[in-house]
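See below for upload-v3.txt, which holds compact mmCIF, C-alpha atoms and all ligand atoms.
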# COMPACT_ATOMS: atom_id res chain seq x y z
CA MET A 1 155.76 -269.28 117.80
CA ILE A 2 158.24 -267.02 119.59
CA ARG A 3 157.02 -263.70 118.19
CA PRO A 4 153.66 -263.67 120.05
CA LEU A 5 155.42 -264.62 123.29
CA PHE A 6 157.78 -261.68 122.79
CA VAL A 7 155.13 -259.15 121.71
CA ARG A 8 152.94 -260.11 124.67
CA GLY A 9 155.95 -259.47 126.89
CA LEU A 10 156.40 -255.96 125.49
CA LEU A 11 152.69 -255.23 125.90
CA ALA A 12 152.48 -256.59 129.44
CA GLY A 13 155.69 -254.70 130.23
CA ILE A 14 154.29 -251.31 129.18
CA ILE A 15 151.10 -251.94 131.17
CA ALA A 16 153.21 -252.93 134.19
CA GLY A 17 155.48 -249.91 133.78
CA LEU A 18 152.56 -247.48 133.66
CA ALA A 19 150.92 -249.12 136.68
CA ALA A 20 154.22 -248.84 138.56
CA GLY A 21 154.41 -245.19 137.50
CA VAL A 22 150.97 -244.49 138.97
CA PHE A 23 151.95 -246.17 142.22
CA ALA A 24 155.27 -244.31 142.33
CA TYR A 25 153.53 -241.01 141.64
CA PHE A 26 151.22 -241.32 144.63
CA ALA A 27 153.41 -243.30 147.04
CA GLY A 28 156.90 -242.12 146.17
CA GLU A 29 156.86 -238.56 144.79
CA PRO A 30 155.99 -236.90 148.13
CA HIS A 31 159.12 -238.43 149.67
CA ILE A 32 161.29 -237.31 146.75
CA ASP A 33 159.96 -233.78 147.18
CA SER A 34 160.74 -233.82 150.90
CA ALA A 35 164.25 -235.12 150.23
CA ILE A 36 164.92 -232.46 147.59
CA ALA A 37 163.69 -229.77 149.98
CA LEU A 38 166.18 -231.01 152.59
CA GLU A 39 168.92 -231.14 149.98
CA GLU A 40 168.34 -227.55 148.93
CA ALA A 41 168.11 -226.32 152.50
CA ALA A 42 171.49 -227.92 153.18
CA ALA A 43 173.10 -226.49 150.04
CA HIS A 44 171.89 -222.90 150.68
CA THR A 45 172.88 -221.87 147.17
CA HIS A 46 170.61 -222.74 144.32
CA ALA A 47 171.70 -220.43 141.59
CA GLU A 48 171.84 -223.19 139.00
CA VAL A 49 168.82 -223.36 136.72
CA PRO A 50 167.58 -226.96 136.53
CA LEU A 51 167.77 -228.60 133.12
CA VAL A 52 164.36 -230.17 133.62
CA SER A 53 161.74 -228.60 135.89
CA ARG A 54 160.31 -230.56 138.80
CA SER A 55 157.00 -231.00 136.97
CA GLY A 56 158.96 -232.20 133.93
CA GLN A 57 160.67 -234.76 136.13
CA VAL A 58 157.31 -235.95 137.43
CA GLY A 59 156.17 -236.50 133.83
CA GLY A 60 159.50 -238.15 133.15
CA LEU A 61 158.68 -240.59 135.93
CA PHE A 62 156.00 -242.20 133.76
CA LEU A 63 158.32 -242.25 130.75
CA ALA A 64 161.01 -243.91 132.86
CA THR A 65 158.78 -246.60 134.35
CA ALA A 66 157.07 -247.30 130.99
CA LEU A 67 160.39 -247.71 129.14
CA TYR A 68 161.84 -249.77 131.96
CA GLY A 69 158.68 -251.92 131.91
CA LEU A 70 158.96 -252.29 128.14
CA ALA A 71 162.56 -253.53 128.39
CA VAL A 72 161.83 -255.84 131.32
CA GLY A 73 158.70 -257.13 129.57
CA GLY A 74 160.58 -257.97 126.37
CA LEU A 75 163.23 -259.85 128.32
CA PHE A 76 160.47 -261.54 130.30
CA GLY A 77 158.77 -262.74 127.10
CA LEU A 78 162.01 -264.24 125.80
CA ALA A 79 162.75 -265.85 129.18
CA PHE A 80 159.24 -267.33 129.10
CA ALA A 81 159.92 -268.79 125.63
CA LEU A 82 163.20 -270.25 126.86
CA VAL A 83 161.87 -271.72 130.09
CA ARG A 84 158.51 -273.09 129.02
CA GLY A 85 158.54 -276.88 128.67
CA ARG A 86 162.02 -277.04 130.18
CA ILE A 87 161.35 -276.15 133.80
CA GLY A 88 158.55 -274.83 135.95
CA PRO A 89 154.76 -275.21 135.91
CA ARG A 90 153.15 -276.60 132.76
CA SER A 91 150.30 -274.12 132.76
CA GLY A 92 151.38 -271.03 130.86
CA SER A 93 149.51 -268.73 133.23
CA VAL A 94 151.03 -270.28 136.34
CA LEU A 95 154.45 -270.21 134.72
CA SER A 96 154.02 -266.50 133.98
CA ILE A 97 153.28 -265.67 137.62
CA THR A 98 156.10 -267.92 138.83
CA LEU A 99 158.58 -266.37 136.42
CA ALA A 100 157.60 -262.84 137.45
CA ALA A 101 158.02 -263.73 141.13
CA ALA A 102 161.45 -265.26 140.42
CA GLY A 103 162.44 -262.22 138.36
CA PHE A 104 161.40 -259.85 141.14
CA VAL A 105 163.41 -261.76 143.74
CA ALA A 106 166.52 -262.00 141.52
CA VAL A 107 166.55 -258.53 139.97
CA VAL A 108 164.99 -256.43 142.75
CA LEU A 109 164.97 -258.13 146.15
CA VAL A 110 168.52 -259.55 146.16
CA PRO A 111 170.15 -256.17 145.34
CA PHE A 112 167.69 -254.26 147.54
CA VAL A 113 168.62 -256.13 150.72
CA LYS A 114 172.28 -255.15 150.30
CA TYR A 115 171.96 -251.84 148.47
CA PRO A 116 168.50 -250.40 149.19
CA ALA A 117 167.10 -247.53 147.12
CA ASN A 118 168.02 -244.03 148.25
CA PRO A 119 166.16 -240.73 147.88
CA PRO A 120 167.89 -237.60 146.58
CA ALA A 121 170.30 -236.10 149.14
CA VAL A 122 171.44 -239.55 150.25
CA GLY A 123 174.65 -240.79 148.67
CA ASP A 124 178.01 -239.24 147.86
CA PRO A 125 178.22 -238.16 144.18
CA ALA A 126 181.91 -239.05 144.19
CA THR A 127 181.13 -242.74 144.67
CA ILE A 128 178.35 -243.10 142.07
CA GLY A 129 180.62 -245.16 139.79
CA SER A 130 181.50 -247.80 142.35
CA ARG A 131 177.96 -247.87 143.76
CA THR A 132 176.56 -248.46 140.29
CA SER A 133 179.02 -251.31 139.68
CA LEU A 134 178.19 -252.92 143.03
CA TYR A 135 174.48 -252.65 142.27
CA LEU A 136 174.95 -254.38 138.90
CA VAL A 137 177.07 -257.10 140.53
CA ALA A 138 174.24 -257.70 143.02
CA VAL A 139 171.70 -257.95 140.16
CA ALA A 140 173.97 -260.42 138.33
CA ILE A 141 174.37 -262.54 141.47
CA GLY A 142 170.61 -262.56 141.95
CA LEU A 143 170.09 -263.83 138.39
CA LEU A 144 172.86 -266.43 138.63
CA ALA A 145 171.54 -267.67 141.98
CA MET A 146 168.05 -268.01 140.51
CA ALA A 147 169.49 -269.93 137.55
CA ALA A 148 171.44 -272.17 139.94
CA ALA A 149 168.22 -272.86 141.85
CA ALA A 150 166.40 -273.73 138.62
CA VAL A 151 169.17 -276.11 137.50
CA ALA A 152 169.26 -277.78 140.92
CA HIS A 153 165.48 -278.10 140.81
CA ARG A 154 165.77 -280.04 137.59
CA ILE A 155 168.81 -282.16 138.45
CA PHE A 156 167.26 -283.40 141.72
CA GLU A 157 163.91 -284.17 140.14
CA VAL A 158 164.36 -287.91 140.78
CA ASN A 159 165.44 -287.57 144.43
CA GLY A 160 162.01 -286.91 145.92
CA GLU A 161 160.37 -283.61 146.82
CA PRO A 162 162.16 -282.84 150.14
CA VAL A 163 165.65 -283.33 148.69
CA ARG A 164 164.67 -281.52 145.55
CA TRP A 165 163.41 -278.41 147.33
CA LEU A 166 166.36 -278.42 149.71
CA ALA A 167 168.72 -278.41 146.71
CA THR A 168 166.67 -275.66 145.06
CA GLY A 169 166.77 -273.52 148.19
CA LEU A 170 170.50 -274.03 148.73
CA GLY A 171 171.24 -273.32 145.06
CA PHE A 172 169.68 -269.91 145.58
CA LEU A 173 170.61 -269.06 149.16
CA VAL A 174 174.30 -270.03 149.17
CA PRO A 175 175.43 -267.54 146.50
CA VAL A 176 172.98 -264.87 147.69
CA THR A 177 173.96 -264.95 151.37
CA ALA A 178 177.64 -265.08 150.39
CA ALA A 179 177.12 -261.94 148.31
CA TRP A 180 175.22 -260.20 151.13
CA VAL A 181 178.04 -261.00 153.55
CA PHE A 182 181.07 -260.34 151.35
CA LEU A 183 180.09 -257.47 149.07
CA PRO A 184 181.36 -254.15 150.45
CA VAL A 185 179.05 -252.10 152.64
CA VAL A 186 177.79 -248.76 151.35
CA SER A 187 176.75 -246.39 154.12
CA GLU A 188 176.33 -242.82 152.93
CA VAL A 189 173.25 -241.55 154.71
CA PRO A 190 174.11 -238.00 155.77
CA GLU A 191 174.16 -237.05 159.43
CA GLY A 192 170.71 -236.03 160.60
CA PHE A 193 168.77 -237.28 157.57
CA PRO A 194 165.29 -238.19 158.89
CA ALA A 195 165.10 -241.95 159.42
CA ASP A 196 161.36 -242.08 158.80
CA LEU A 197 161.71 -240.30 155.46
CA LEU A 198 164.42 -242.76 154.42
CA TRP A 199 162.28 -245.72 155.47
CA ASP A 200 159.13 -244.40 153.78
CA PHE A 201 161.01 -243.72 150.57
CA ARG A 202 162.51 -247.21 150.52
CA VAL A 203 159.13 -248.84 151.12
CA SER A 204 157.61 -246.82 148.27
CA SER A 205 160.51 -247.77 146.00
CA LEU A 206 160.13 -251.46 146.78
CA GLY A 207 156.37 -251.10 146.32
CA THR A 208 156.94 -249.61 142.86
CA GLN A 209 158.89 -252.70 141.85
CA VAL A 210 156.31 -255.03 143.44
CA VAL A 211 153.61 -253.37 141.34
CA LEU A 212 155.76 -253.55 138.20
CA TRP A 213 156.60 -257.27 138.47
CA GLY A 214 153.18 -258.21 139.85
CA VAL A 215 151.27 -256.51 137.04
CA LEU A 216 153.76 -257.92 134.52
CA GLY A 217 153.18 -261.51 135.67
CA VAL A 218 149.42 -261.15 135.91
CA SER A 219 148.90 -259.34 132.60
CA TYR A 220 151.22 -261.73 130.76
CA ALA A 221 149.23 -264.62 132.26
CA TYR A 222 146.01 -262.96 131.13
CA LEU A 223 147.29 -262.43 127.58
CA TRP A 224 148.46 -266.03 127.49
CA HIS A 225 145.14 -267.33 128.75
CA ARG A 226 143.24 -265.25 126.22
CA SER A 227 145.32 -266.41 123.26
CA GLU A 228 144.91 -270.01 124.41
CA ARG A 229 141.14 -269.62 124.47
CA VAL A 230 141.13 -268.00 121.04
CA ALA A 231 143.24 -270.83 119.65
CA GLY A 232 140.72 -273.23 121.21
CA ALA A 233 143.24 -276.02 121.52
CA PRO A 234 146.08 -276.90 123.84
CA GLN A 235 149.28 -275.29 122.71
CA GLY A 236 152.69 -276.90 122.76
CA VAL A 237 152.95 -277.01 118.99
CA PRO A 238 156.62 -277.08 118.04
CA ALA A 239 157.72 -273.74 116.71
CA MET B 1 148.55 -282.30 117.79
CA SER B 2 147.53 -285.37 119.72
CA GLN B 3 148.29 -283.97 123.16
CA LEU B 4 144.76 -283.47 124.37
CA SER B 5 144.96 -285.78 127.37
CA ALA B 6 148.56 -285.23 128.43
CA PRO B 7 149.53 -281.61 127.92
CA HIS B 8 153.23 -282.27 127.86
CA VAL B 9 154.76 -279.05 126.66
CA GLN B 10 157.28 -279.19 123.87
CA PRO B 11 160.14 -276.76 124.59
CA ILE B 12 161.01 -274.30 121.86
CA PRO B 13 164.28 -275.49 120.27
CA LEU B 14 167.28 -273.39 121.24
CA ARG B 15 168.27 -272.77 117.63
CA ASN B 16 164.91 -271.04 117.08
CA LEU B 17 165.54 -268.91 120.13
CA ALA B 18 169.05 -267.95 119.02
CA TRP B 19 167.77 -265.32 116.57
CA TRP B 20 165.69 -263.72 119.24
CA ALA B 21 168.72 -263.42 121.49
CA LEU B 22 169.65 -260.49 119.25
CA ALA B 23 166.79 -258.54 120.87
CA VAL B 24 168.43 -258.87 124.29
CA PRO B 25 171.13 -256.19 123.79
CA VAL B 26 168.50 -253.82 122.36
CA LEU B 27 166.27 -254.29 125.40
CA LEU B 28 169.23 -253.88 127.73
CA LEU B 29 170.09 -250.65 125.93
CA VAL B 30 166.58 -249.30 126.59
CA ALA B 31 166.92 -250.23 130.27
CA TYR B 32 170.36 -248.60 130.29
CA LEU B 33 169.03 -245.33 128.84
CA VAL B 34 166.46 -245.16 131.62
CA THR B 35 168.66 -246.17 134.49
CA PHE B 36 172.28 -245.16 133.90
CA ASP B 37 172.85 -243.05 130.80
CA GLN B 38 174.25 -239.59 131.43
CA GLY B 39 174.52 -238.60 127.79
CA ALA B 40 177.38 -240.89 126.84
CA ILE B 41 175.23 -242.99 124.50
CA SER B 42 172.10 -240.93 123.95
CA GLN B 43 174.12 -237.74 123.18
CA ALA B 44 171.31 -235.86 124.84
CA GLY B 45 173.61 -234.52 127.51
CA ASP B 46 172.11 -234.74 130.95
CA TYR B 47 168.63 -234.12 129.58
CA LEU B 48 167.39 -237.72 129.60
CA HIS B 49 169.17 -238.31 132.88
CA GLU B 50 167.38 -235.39 134.53
CA LEU B 51 164.06 -236.12 132.85
CA MET B 52 163.85 -239.66 134.17
CA HIS B 53 165.46 -238.77 137.47
CA ASP B 54 162.56 -239.61 139.80
CA GLY B 55 161.90 -242.90 138.04
CA ARG B 56 165.48 -243.95 138.57
CA HIS B 57 165.31 -243.25 142.29
CA LEU B 58 161.99 -245.05 142.71
CA LEU B 59 163.09 -248.04 140.64
CA GLY B 60 165.89 -248.41 143.18
CA VAL B 61 168.85 -247.67 140.92
CA PRO B 62 171.82 -245.70 142.32
CA CYS B 63 171.50 -242.11 141.08
CA HIS B 64 173.72 -239.50 142.64
ZN ZN A 301 169.04 -238.40 141.87
The structure given in the file should be rewritten as structure tokens.
Amino acid sequence: MIRPLFVRGLLAGIIAGLAAGVFAYFAGEPHIDSAIALEEAAAHTHAEVPLVSRSGQVGGLFLATALYGLAVGGLFGLAFALVRGRIGPRSGSVLSITLAAAGFVAVVLVPFVKYPANPPAVGDPATIGSRTSLYLVAVAIGLLAMAAAAVAHRIFEVNGEPVRWLATGLGFLVPVTAAWVFLPVVSEVPEGFPADLLWDFRVSSLGTQVVLWGVLGVSYAYLWHRSERVAGAPQGVPA
Amino acid sequence: MSQLSAPHVQPIPLRNLAWWALAVPVLLLVAYLVTFDQGAISQAGDYLHELMHDGRHLLGVPCH
């Protein structure tokens, strides 16, 4: 009973990762190229031979998004198995879309608001360790806040819809806004870095994640719907 | 199953899910190799890091 939910997650994840790679290739790569050109112009010296050529890195983009999609999809499938019947919409397809939206908000949007994506040439290499830790803390807070919202949503089930949604919203927003306010600020955009390039890159980065989570939710819903039709009967059979 | 009229979904028991929790660290490792590894685990030096460089930036992960 769990295996198909998991395998479908892996499959939907690879599809989502490749779709995100296509989006990133067209929407994001031009900005990365511009940023690298600025970086090299600033450094003057480029005697070092790159380990991987630029075209290799562009191919690596698809490998990266596909593997990332695979990992996210597998986790998504297991989260779906855990959540279904416990909380959220009863329809498997609607649950899939809802879960993908919640995952996007927790894993992408919450960290992005505090620590937005940066193109090459932005960011001090000396601080990569602390920036990585802060990013992971923000992801963890996003997930915990989403879990808190889900628990509140269930606890206040009997208190009527307005109270219930208020509790759900507070369960999410209190930890998230606290994190946005109290986590340390990272501001490492170099002097004179073009603001429009930074903005365009960040939009394309967020778009890549929107495509990834959107395609994940929709294709998982499709695979669910298809298996349900093939089975020809309502599911919900104990595992 | 006699749930044709009221599709009340039976949750999957947690003890059945426990085995599958073992997949979680494996999946996290895959995500780690894409997003953070600089050769410490993969032993591929900076190769994987450089190869998946653009993906890391566009997925919004801190890079350099
Ligand atoms: Zn980089």
Check which residues of chain A sit at most 8 Å from ligand ZN 301 (chain A) using only C-alpha atoms and all ligand atoms, and return one row each with the closest pair of atoms and their distance in Å to one decimal, ordered by chain and rising number, as a Markdown table.
| residue | atom | partner | partner_atom | distance |
| --- | --- | --- | --- | --- |
| A:Pro119 | CA | A:ZN301 | ZN | 7.1 |
| A:Pro120 | CA | A:ZN301 | ZN | 4.9 |
| A:Ala121 | CA | A:ZN301 | ZN | 7.7 |
Inset, instruction - Output the contact residues of chain A with respect to chain B at a cut-off of 8 Å, based on all atoms listed in the file, as a PyMOL selection string. - result: chain A and resi 2+21+24+28-29+32+51-52+56-65+67-68+71-72+74-75+78+81-86+90+112+116-120+122-125+128+131-132+135+204-206+208-209+234-239
Legend entry - Atomic separation - atom CA of A:Met146 relative to atom CA of A:Ser133, Å: 20.0 Å
Compile the contact shell of A:Pro89 as a PDB file with C-alpha atoms, in the frame of the given file: residues with an atom at most 9 Å away, counting all atoms listed in the file, same-chain residues fewer than 6 positions apart removed.
ATOM      1  CA  LEU A  95     154.450-270.210 134.720  1.00  0.00           C
ATOM      2  CA  SER A  96     154.020-266.500 133.980  1.00  0.00           C
ATOM      3  CA  THR A  98     156.100-267.920 138.830  1.00  0.00           C
TER       4      THR A  98
END
